[in-house]
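Trainee: Here you go, input-v8.txt (compact mmCIF, C-alpha atoms):
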```txt
# COMPACT_ATOMS: atom_id res chain seq x y z
CA MET A 1 -17.33 3.50 -3.36
CA ILE A 2 -19.61 0.74 -4.68
CA LEU A 3 -20.66 1.16 -8.31
CA THR A 4 -23.30 -0.62 -10.35
CA SER A 5 -22.16 1.20 -13.50
CA LEU A 6 -18.82 2.63 -14.58
CA ASP A 7 -20.46 6.04 -15.06
CA ILE A 8 -20.31 7.92 -11.76
CA ASP A 9 -22.47 10.88 -10.82
CA PRO A 10 -19.98 13.67 -9.94
CA ALA A 11 -22.02 14.77 -6.90
CA GLU A 12 -21.91 11.23 -5.52
CA LEU A 13 -18.21 10.95 -6.32
CA HIS A 14 -17.58 14.10 -4.30
CA GLU A 15 -19.68 12.96 -1.36
CA ARG A 16 -18.09 9.52 -1.22
CA THR A 17 -14.46 10.22 -2.10
CA GLY A 18 -13.89 13.96 -1.66
CA TRP A 19 -12.88 14.34 -5.34
CA ALA A 20 -14.67 17.24 -7.07
CA ILE A 21 -14.96 17.41 -10.86
CA LYS A 22 -13.97 20.91 -11.99
CA PRO A 23 -12.99 22.40 -15.38
CA GLU A 24 -9.33 21.82 -14.44
CA GLY A 25 -9.87 18.14 -13.62
CA ALA A 26 -10.46 16.06 -10.49
CA CYS A 27 -9.65 18.18 -7.43
CA LYS A 28 -9.26 17.45 -3.73
CA GLY A 29 -7.67 19.92 -1.31
CA ASP A 30 -4.74 21.57 -3.09
CA VAL A 31 -4.41 18.77 -5.66
CA CYS A 32 -5.96 18.90 -9.16
CA VAL A 33 -5.40 16.09 -11.66
CA PRO A 34 -6.34 16.92 -15.28
CA LEU A 35 -8.84 14.56 -16.90
CA ALA A 36 -9.74 14.23 -20.59
CA ALA A 37 -12.81 16.41 -21.27
CA ALA A 38 -14.72 13.45 -22.67
CA ALA A 39 -14.11 11.38 -19.54
CA ALA A 40 -15.52 13.88 -17.05
CA THR A 41 -18.54 16.08 -17.70
CA PRO A 42 -20.77 17.82 -15.12
CA THR A 43 -23.14 14.84 -15.30
CA ARG A 44 -20.84 11.81 -15.47
CA VAL A 45 -17.31 10.67 -14.73
CA ASP A 46 -15.79 7.48 -16.10
CA ALA A 47 -14.66 5.28 -13.21
CA ARG A 48 -11.89 3.74 -15.36
CA VAL A 49 -10.40 7.17 -15.98
CA MET A 50 -10.49 8.06 -12.27
CA SER A 51 -8.80 4.73 -11.60
CA ASP A 52 -6.08 5.31 -14.23
CA ARG A 53 -5.37 8.94 -13.38
CA LEU A 54 -5.50 8.75 -9.58
CA GLY A 55 -4.34 5.20 -8.98
CA MET A 56 -7.72 4.35 -7.44
CA PRO A 57 -8.12 0.56 -7.64
CA LEU A 58 -11.24 -0.50 -9.52
CA ILE A 59 -12.26 -3.96 -8.37
CA HIS A 60 -14.96 -5.83 -10.26
CA ASP A 61 -17.10 -8.70 -9.07
CA GLU A 62 -18.42 -10.12 -12.29
CA ALA A 63 -20.98 -12.48 -10.78
CA ALA A 64 -22.60 -9.70 -8.73
CA GLY A 65 -22.19 -7.07 -11.44
CA VAL A 66 -20.70 -4.47 -9.09
CA TRP A 67 -17.44 -2.58 -8.85
CA CYS A 68 -15.65 -0.91 -5.98
CA LEU A 69 -13.55 2.18 -6.60
CA GLY A 70 -10.94 2.29 -3.83
CA PRO A 71 -8.86 5.09 -2.34
CA GLU A 72 -6.37 7.05 -4.44
CA VAL A 73 -2.68 6.20 -4.19
CA MET A 74 -0.76 9.43 -3.61
CA GLY A 75 1.84 8.44 -1.04
CA ARG A 76 0.26 9.16 2.33
CA ALA A 77 -3.32 8.50 3.39
CA LEU A 78 -4.17 12.21 2.98
CA THR A 79 -2.48 14.90 0.91
CA THR A 80 -3.23 17.68 3.41
CA ALA A 81 -3.70 17.96 7.16
CA ARG A 82 -7.28 19.10 6.59
CA ALA A 83 -9.72 16.61 8.13
CA PRO A 84 -11.54 14.95 5.23
CA HIS A 85 -15.30 15.05 4.87
CA LEU A 86 -16.96 12.39 6.98
CA ALA A 87 -20.65 11.64 7.41
CA LEU A 88 -21.77 8.48 9.23
CA PRO A 89 -24.94 7.30 10.94
CA ASP A 90 -25.45 6.97 14.69
CA LEU A 91 -27.22 3.98 16.27
CA ALA A 92 -30.62 5.43 15.33
CA GLY A 93 -29.52 5.81 11.72
CA ASN A 94 -29.29 9.62 11.82
CA VAL A 95 -26.40 10.81 9.70
CA PHE A 96 -23.90 13.01 11.51
CA ARG A 97 -21.41 15.21 9.68
CA LEU A 98 -18.04 15.73 11.34
CA ASP A 99 -17.78 19.29 10.01
CA SER A 100 -20.85 20.25 12.04
CA LEU A 101 -18.39 20.37 14.98
CA ARG A 102 -16.25 23.11 13.42
CA GLY A 103 -15.22 25.55 16.17
CA ARG A 104 -14.60 22.74 18.67
CA LYS A 105 -11.64 20.50 19.25
CA ILE A 106 -12.41 16.87 18.39
CA VAL A 107 -10.92 13.51 19.24
CA LEU A 108 -12.05 11.15 16.48
CA VAL A 109 -11.52 7.63 17.79
CA ALA A 110 -12.02 4.42 15.82
CA TRP A 111 -12.90 1.41 17.98
CA ALA A 112 -14.68 -1.89 17.42
CA SER A 113 -16.81 -4.43 19.28
CA TRP A 114 -14.57 -7.26 18.14
CA MET B 1 -12.69 6.16 29.40
CA TRP B 2 -14.24 8.45 26.77
CA GLN B 3 -17.33 9.32 28.81
CA GLN B 4 -15.13 10.26 31.77
CA LEU B 5 -12.83 12.32 29.55
CA PHE B 6 -15.76 14.07 27.94
CA ALA B 7 -17.38 14.73 31.33
CA ASP B 8 -14.11 16.18 32.68
CA LEU B 9 -13.94 18.54 29.71
CA LYS B 10 -17.62 19.43 29.56
CA ASN B 11 -16.91 23.13 30.07
CA GLU B 12 -14.46 23.21 27.18
CA SER B 13 -15.23 23.52 23.51
CA PHE B 14 -14.57 19.84 22.88
CA MET B 15 -16.25 16.71 21.52
CA VAL B 16 -15.44 13.03 21.28
CA VAL B 17 -16.59 11.24 18.13
CA ALA B 18 -16.31 7.48 18.56
CA VAL B 19 -16.67 5.50 15.35
CA ALA B 20 -17.39 1.77 15.50
CA GLU B 21 -15.52 -0.13 12.77
CA ASP B 22 -18.12 -2.91 12.72
CA SER B 23 -18.65 -4.36 9.27
CA ARG B 24 -21.55 -6.47 10.54
CA GLY B 25 -23.49 -3.38 11.43
CA ALA B 26 -24.85 -1.33 14.31
CA ASP B 27 -26.26 -4.22 16.34
CA HIS B 28 -22.77 -5.48 17.10
CA ALA B 29 -21.71 -2.10 18.49
CA ARG B 30 -25.03 -1.33 20.22
CA PRO B 31 -24.49 -3.17 23.55
CA TRP B 32 -21.10 -1.51 24.04
CA ILE B 33 -22.47 1.92 23.25
CA GLU B 34 -25.50 1.47 25.50
CA GLN B 35 -23.26 0.36 28.33
CA ALA B 36 -21.01 3.43 27.96
CA LYS B 37 -24.05 5.76 28.26
CA PRO B 38 -22.24 8.30 26.12
CA ASP B 39 -22.95 12.03 25.98
CA TYR B 40 -20.60 12.23 23.00
CA TRP B 41 -21.21 11.14 19.42
CA CYS B 42 -21.10 7.43 18.61
CA LEU B 43 -21.21 6.61 14.91
CA ILE B 44 -21.31 3.32 13.01
CA ASP B 45 -18.87 2.67 10.17
CA PRO B 46 -19.60 -0.75 8.63
CA ASP B 47 -17.46 0.01 5.55
CA HIS B 48 -14.44 1.01 7.66
CA ARG B 49 -14.47 4.37 5.92
CA VAL B 50 -12.49 6.04 8.72
CA ALA B 51 -9.83 3.30 8.64
CA SER B 52 -9.56 3.68 4.87
CA LEU B 53 -9.43 7.51 4.92
CA TYR B 54 -6.73 7.67 7.58
CA GLY B 55 -4.91 4.44 6.77
CA MET B 56 -5.63 2.92 10.19
CA ALA B 57 -4.79 -0.78 10.54
CA ASN B 58 -6.00 -1.45 14.08
CA VAL B 59 -8.21 -0.14 16.87
CA PRO B 60 -8.33 1.91 18.99
CA ARG B 61 -6.77 4.64 16.91
CA ALA B 62 -7.52 8.33 17.29
CA VAL B 63 -6.84 11.58 15.45
CA TRP B 64 -7.11 15.03 16.96
CA ILE B 65 -8.81 17.76 14.94
CA ASP B 66 -8.68 21.43 15.91
CA GLU B 67 -11.34 24.16 15.79
CA GLU B 68 -10.57 24.91 12.14
CA GLY B 69 -10.83 21.31 10.99
CA ARG B 70 -7.06 20.75 10.84
CA ILE B 71 -5.65 17.41 11.92
CA VAL B 72 -3.12 18.11 14.68
CA ARG B 73 -2.28 14.52 15.64
CA PRO B 74 -2.10 11.71 13.07
CA PRO B 75 -3.74 8.33 13.78
CA GLU B 76 -2.17 6.96 16.97
CA SER B 77 -2.97 4.32 19.53
CA ALA B 78 -5.48 5.95 21.87
CA GLY B 79 -3.38 4.98 24.90
CA SER B 80 -3.54 1.22 24.36
CA THR B 81 -0.24 -0.57 24.90
CA ASP B 82 1.15 -4.04 24.23
CA HIS B 83 1.07 -5.19 27.84
CA PHE B 84 -1.83 -7.53 27.06
CA ARG B 85 0.65 -9.65 25.09
CA ASN B 86 2.05 -11.03 28.36
CA MET B 87 -1.38 -12.18 29.46
CA ASP B 88 -1.84 -15.76 30.63
CA GLN B 89 -3.74 -17.13 27.69
CA LYS B 90 -5.56 -19.81 29.65
CA THR B 91 -6.97 -17.56 32.33
CA LEU B 92 -6.81 -14.34 30.27
CA THR B 93 -5.33 -12.49 33.23
CA MET B 94 -2.51 -9.99 33.38
CA SER B 95 0.12 -9.55 36.07
CA PRO B 96 -0.48 -6.60 38.44
CA GLU B 97 2.60 -4.87 36.95
CA ASP B 98 1.33 -5.21 33.41
CA GLN B 99 -2.14 -4.09 34.45
CA ALA B 100 -0.66 -1.03 36.13
CA ALA B 101 1.43 -0.21 33.04
CA ARG B 102 -1.58 -0.65 30.79
CA ASP B 103 -3.67 1.65 32.97
CA ALA B 104 -0.82 4.16 33.08
CA GLY B 105 -0.83 4.27 29.28
CA LYS B 106 -4.51 5.10 29.19
CA ALA B 107 -4.10 7.73 31.92
CA LEU B 108 -1.18 9.36 30.09
CA TYR B 109 -3.20 9.51 26.90
CA VAL B 110 -6.21 11.03 28.65
CA SER B 111 -4.03 13.69 30.31
CA ALA B 112 -2.43 14.53 26.96
CA VAL B 113 -5.89 15.07 25.43
CA LYS B 114 -6.85 17.31 28.35
CA GLU B 115 -3.66 19.35 28.02
CA TRP B 116 -4.27 19.80 24.31
CA VAL B 117 -7.88 20.86 24.82
CA ARG B 118 -6.99 23.33 27.58
CA THR B 119 -3.64 24.70 26.37
CA GLY B 120 -3.03 23.53 22.79
CA ARG B 121 0.00 21.50 23.86
CA HIS B 122 0.94 18.41 21.79
CA ALA B 123 -0.58 19.82 18.59
CA LEU B 124 1.63 19.22 15.54
CA ASP B 125 1.89 21.53 12.52
CA ASP B 126 0.58 20.53 9.08
CA ARG B 127 3.87 19.26 7.83
CA ALA B 128 4.59 17.13 10.89
CA VAL B 129 1.09 15.64 10.61
CA ARG B 130 1.47 14.89 6.90
CA ASP B 131 4.85 13.24 7.47
CA ARG B 132 3.32 10.99 10.12
CA LEU B 133 0.30 9.83 8.12
CA PRO B 134 0.39 6.18 7.12
CA ARG B 135 1.63 5.38 3.61
CA ILE B 136 -0.92 3.99 1.19
CA THR B 137 0.69 1.59 -1.27
CA PRO B 138 -1.17 0.29 -4.33
CA ASP B 139 -1.69 -3.01 -2.48
CA VAL B 140 -3.14 -1.27 0.57
CA ALA B 141 -5.52 0.74 -1.64
CA ARG B 142 -6.58 -2.49 -3.40
CA ALA B 143 -7.07 -4.14 0.00
CA HIS B 144 -9.45 -1.37 1.09
CA ALA B 145 -11.41 -1.72 -2.16
CA HIS B 146 -11.67 -5.52 -1.83
CA PHE B 147 -12.69 -5.13 1.80
CA ARG B 148 -15.42 -2.67 0.90
CA LEU B 149 -16.71 -4.89 -1.89
CA GLY B 150 -16.57 -7.97 0.35
CA VAL B 151 -18.60 -6.26 3.07
CA TRP B 152 -21.14 -5.07 0.50
CA LEU B 153 -21.51 -8.57 -0.96
CA ARG B 154 -21.84 -10.16 2.49
CA ARG B 155 -24.53 -7.61 3.36
CA HIS B 156 -26.36 -8.59 0.16
CA ASP B 157 -26.27 -12.30 1.08
CA ARG B 158 -23.56 -13.17 -1.42
CA LEU B 159 -21.50 -14.78 1.30
CA GLU B 160 -19.13 -16.80 -0.88
CA GLU B 161 -18.15 -13.93 -3.16
CA GLY B 162 -17.90 -11.67 -0.12
CA ALA B 163 -15.56 -14.07 1.68
CA ARG B 164 -13.34 -14.23 -1.40
CA HIS B 165 -12.91 -10.46 -1.54
CA LEU B 166 -12.36 -10.21 2.21
CA ALA B 167 -9.66 -12.88 2.09
CA GLU B 168 -8.00 -11.07 -0.80
CA ALA B 169 -8.11 -7.82 1.21
CA SER B 170 -6.31 -9.48 4.09
CA ARG B 171 -3.74 -11.04 1.74
CA LEU B 172 -2.97 -7.65 0.18
CA HIS B 173 -2.72 -5.83 3.52
CA PRO B 174 -1.50 -8.37 6.07
CA GLU B 175 -0.60 -5.65 8.60
CA SER B 176 -4.25 -4.68 8.98
CA TRP B 177 -5.85 -6.21 12.04
CA ASN B 178 -9.03 -4.35 11.17
CA ILE B 179 -9.34 -6.25 7.91
CA TRP B 180 -8.19 -9.62 9.22
CA ARG B 181 -10.46 -9.58 12.25
CA GLN B 182 -13.49 -8.75 10.12
CA SER B 183 -12.66 -10.96 7.18
CA ALA B 184 -13.52 -14.44 8.28
CA ASP B 185 -15.88 -16.02 10.71
CA LEU B 186 -15.75 -13.85 13.80
CA ASP B 187 -15.95 -16.75 16.24
CA ALA B 188 -13.16 -18.60 14.47
CA VAL B 189 -10.55 -15.86 14.20
CA GLY B 190 -11.87 -12.49 15.15
CA ASN B 191 -12.36 -12.42 18.87
CA ALA B 192 -9.44 -11.37 21.02
CA GLY B 193 -8.41 -14.38 23.06
CA GLY B 194 -9.02 -16.95 20.31
CA PRO B 195 -6.11 -19.25 19.38
CA ALA B 196 -5.81 -17.81 15.85
CA PHE B 197 -5.59 -14.31 17.27
CA TRP B 198 -2.82 -15.26 19.68
CA THR B 199 -0.88 -17.11 17.00
CA ARG B 200 -0.99 -14.01 14.87
CA VAL B 201 0.01 -11.74 17.76
CA GLN B 202 2.96 -14.02 18.57
CA ALA B 203 4.08 -13.93 14.95
CA LEU B 204 4.56 -10.17 15.32
CA GLY B 205 7.77 -10.77 17.26
CA GLU B 206 9.33 -7.37 17.97
CA THR B 207 6.71 -5.53 15.91
CA PRO B 208 4.25 -3.71 18.16
CA TYR B 209 0.56 -4.49 18.05
CA HIS B 210 -0.09 -0.98 19.34
CA GLN B 211 2.69 1.42 18.38
CA PRO B 212 2.81 3.72 21.43
CA PRO B 213 1.71 7.30 20.67
CA ASP B 214 4.54 9.82 20.35
CA LEU B 215 3.45 11.64 23.53
CA PRO B 216 5.34 12.41 26.75
CA GLY B 217 5.59 9.53 29.20
CA PHE B 218 5.04 6.67 26.77
CA PRO B 219 8.71 5.83 26.21
CA ALA B 220 9.08 5.30 29.95
CA LEU B 221 6.40 2.62 30.00
CA ARG B 222 8.15 -0.68 30.09
CA THR B 223 7.99 -2.48 26.77
CA PRO B 224 6.65 -5.92 27.57
CA ALA B 225 8.90 -8.88 27.06
CA ARG B 226 7.94 -11.10 24.19
CA GLN B 227 5.59 -13.93 24.99
CA GLN B 228 7.23 -17.04 26.32
CA GLU B 229 7.54 -20.06 24.12
CA GLY B 230 4.58 -22.37 24.31
CA THR B 231 2.25 -19.99 26.12
```
Spell out the structure here as structure tokens.
Mentor:
Amino acid sequence: MILTSLDIDPAELHERTGWAIKPEGACKGDVCVPLAAAAATPTRVDARVMSDRLGMPLIHDEAAGVWCLGPEVMGRALTTARAPHLALPDLAGNVFRLDSLRGRKIVLVAWASW
Amino acid sequence: MWQQLFADLKNESFMVVAVAEDSRGADHARPWIEQAKPDYWCLIDPDHRVASLYGMANVPRAVWIDEEGRIVRPPESAGSTDHFRNMDQKTLTMSPEDQAARDAGKALYVSAVKEWVRTGRHALDDRAVRDRLPRITPDVARAHAHFRLGVWLRRHDRLEEGARHLAEASRLHPESWNIWRQSADLDAVGNAGGPAFWTRVQALGETPYHQPPDLPGFPALRTPARQQEGT
């Protein structure tokens, strides 16, 4: 996720990365990674701590004053076979949530015009 | 292919969600989507979020998700094969045999999807899915972050900084065609059929461009011979 400050709003962190800030730490699926209490409160999470604890790369572009917090490094792309949260816009810009299709089988196919 | 598949399964509890990995935005994907006249969902993913989540390095790649939201097939080639590698690069034509094999791959994939939707066949359990998910190394994770930042900078008219991050992404994750083909000037390197693309495909040697899906019938499809020298 793109950051303009190293303080992340936990709700946005959850929406963008799937990591939820709970009393026991940063949690996703069955995995919980403890975080220092000072680094993660209900209102802010320190991006540097997420990066250190979860192996998420934190890339800085100094000239533009922005960071990107990349995906966690935990072996495989996902730690469970549960389909991760996904919400993307259609051509008209309406955001569609994949989990709105629960109860149906889905083929999720990535393609490109190039 | 997807519209036909979806139409054939319209009485089943099934949906196709096609996600365009187009970092330059919806207008690049629009003509293709409008031509397909889809009744299924077509979404736009300029940040390559799906590729990053699932560790996909090329297109088309598909995952199958069941009624409970469980992944039952990991990212796999959606029926595409390597037969295009034997194409005559001047005329961009394929031999009838290679065309037939390529079409057979797509047909096999479509029938496997239909079987799964109707009978549950080909679904893998959680452990088998997890074991087949791509590995994310620290370099691959850094590549996805640089890519994301590069796309963001390019979108905000910081073209030079953007290009730097995109080039770094490709350096860190050289196996990713998704990143490479979106990293530089599209006309120079990105389009299939361009000289830089073919040079890179040839450099693969025995490595597949599309690893065939682990589904019945695919092993029997003839693996194309490597491209001839000088073609």
Trainee: Figure out the distance between atom CA of Glu21 of chain B and atom CA of His83 of chain B, please, to one decimal in Å.
Mentor: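 Separation of atom CA of His83 of chain B and atom CA of Glu21 of chain B: 23.0 Å.
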Trainee: Which one of A:Asp46, A:Asp99, A:Asp30, A:Asp90 sits closest to chain B if you count all atoms listed in the file?
Mentor: A:Asp90
Trainee: Find, counting all atoms listed in the file, the residue in B:Glu160, B:His173, B:Ala7, B:Leu215 that gets nearest to Glu115 of chain B.
Mentor: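 Among B:Glu160, B:His173, B:Ala7, B:Leu215, it is B:Leu215 that comes nearest to Glu115 of chain B.
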Trainee: Using only C-alpha atoms, which residues of chain A come within 7 Å of chain B, and what is the closest atom pair for each, with the distance in Å to one decimal? Give it as JSON lines, sorted by chain and residue number.
Mentor:
```
{"residue": "A:Ile2", "atom": "CA", "partner": "B:Leu149", "partner_atom": "CA", "distance": 6.9}
{"residue": "A:Pro57", "atom": "CA", "partner": "B:Arg142", "partner_atom": "CA", "distance": 5.4}
{"residue": "A:Ile59", "atom": "CA", "partner": "B:Ala145", "partner_atom": "CA", "distance": 6.7}
{"residue": "A:Cys68", "atom": "CA", "partner": "B:Ala145", "partner_atom": "CA", "distance": 5.8}
{"residue": "A:Leu69", "atom": "CA", "partner": "B:Ala145", "partner_atom": "CA", "distance": 6.3}
{"residue": "A:Gly70", "atom": "CA", "partner": "B:Ala145", "partner_atom": "CA", "distance": 4.4}
{"residue": "A:Pro71", "atom": "CA", "partner": "B:Ala141", "partner_atom": "CA", "distance": 5.5}
{"residue": "A:Glu72", "atom": "CA", "partner": "B:Ala141", "partner_atom": "CA", "distance": 7.0}
{"residue": "A:Val73", "atom": "CA", "partner": "B:Ile136", "partner_atom": "CA", "distance": 6.1}
{"residue": "A:Gly75", "atom": "CA", "partner": "B:Arg135", "partner_atom": "CA", "distance": 5.6}
{"residue": "A:Arg76", "atom": "CA", "partner": "B:Arg135", "partner_atom": "CA", "distance": 4.2}
{"residue": "A:Ala77", "atom": "CA", "partner": "B:Tyr54", "partner_atom": "CA", "distance": 5.5}
{"residue": "A:Leu78", "atom": "CA", "partner": "B:Tyr54", "partner_atom": "CA", "distance": 7.0}
{"residue": "A:Thr80", "atom": "CA", "partner": "B:Arg130", "partner_atom": "CA", "distance": 6.5}
{"residue": "A:Ala81", "atom": "CA", "partner": "B:Ile71", "partner_atom": "CA", "distance": 5.2}
{"residue": "A:Arg82", "atom": "CA", "partner": "B:Arg70", "partner_atom": "CA", "distance": 4.6}
{"residue": "A:Ala83", "atom": "CA", "partner": "B:Gly69", "partner_atom": "CA", "distance": 5.6}
{"residue": "A:Leu88", "atom": "CA", "partner": "B:Leu43", "partner_atom": "CA", "distance": 6.0}
{"residue": "A:Pro89", "atom": "CA", "partner": "B:Leu43", "partner_atom": "CA", "distance": 5.5}
{"residue": "A:Asp90", "atom": "CA", "partner": "B:Leu43", "partner_atom": "CA", "distance": 4.3}
{"residue": "A:Leu91", "atom": "CA", "partner": "B:Ala26", "partner_atom": "CA", "distance": 6.1}
{"residue": "A:Arg102", "atom": "CA", "partner": "B:Glu67", "partner_atom": "CA", "distance": 5.6}
{"residue": "A:Gly103", "atom": "CA", "partner": "B:Glu67", "partner_atom": "CA", "distance": 4.1}
{"residue": "A:Arg104", "atom": "CA", "partner": "B:Glu67", "partner_atom": "CA", "distance": 4.6}
{"residue": "A:Lys105", "atom": "CA", "partner": "B:Asp66", "partner_atom": "CA", "distance": 4.6}
{"residue": "A:Ile106", "atom": "CA", "partner": "B:Met15", "partner_atom": "CA", "distance": 5.0}
{"residue": "A:Val107", "atom": "CA", "partner": "B:Trp64", "partner_atom": "CA", "distance": 4.7}
{"residue": "A:Leu108", "atom": "CA", "partner": "B:Val17", "partner_atom": "CA", "distance": 4.8}
{"residue": "A:Val109", "atom": "CA", "partner": "B:Ala62", "partner_atom": "CA", "distance": 4.1}
{"residue": "A:Ala110", "atom": "CA", "partner": "B:Val19", "partner_atom": "CA", "distance": 4.8}
{"residue": "A:Trp111", "atom": "CA", "partner": "B:Pro60", "partner_atom": "CA", "distance": 4.7}
{"residue": "A:Ala112", "atom": "CA", "partner": "B:Ala20", "partner_atom": "CA", "distance": 4.9}
{"residue": "A:Ser113", "atom": "CA", "partner": "B:Ala29", "partner_atom": "CA", "distance": 5.5}
{"residue": "A:Trp114", "atom": "CA", "partner": "B:Asn191", "partner_atom": "CA", "distance": 5.7}
```
Trainee: List as a list in words the protein and nucleic acid residues near His14 of chain A, meaning an atom at most 12 Å away when all atoms listed in the file are counted, but skip any in the same chain fewer than 5 places from it.
Mentor: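 These residues fall inside the cut-off: Met1, Ile8, Asp9, Trp19, Ala20, Ile21, Lys22, Ala26, Cys27, Lys28, Gly29, Pro42, Arg44, Val45, Pro84, His85 and Leu86 of chain A.
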Trainee: Please compute the atom CA of Gln89 of chain B-atom CA of Arg102 of chain B distance, one decimal, in Å.
Mentor: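 Atom CA of Arg102 of chain B lies 16.9 Å from atom CA of Gln89 of chain B.
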Trainee: Please, what distance in Å, to one decimal, runs between atom CA of Trp177 of chain B and atom CA of Pro213 of chain B?
Mentor: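 Computing it gives 17.7 Å between the two atoms.
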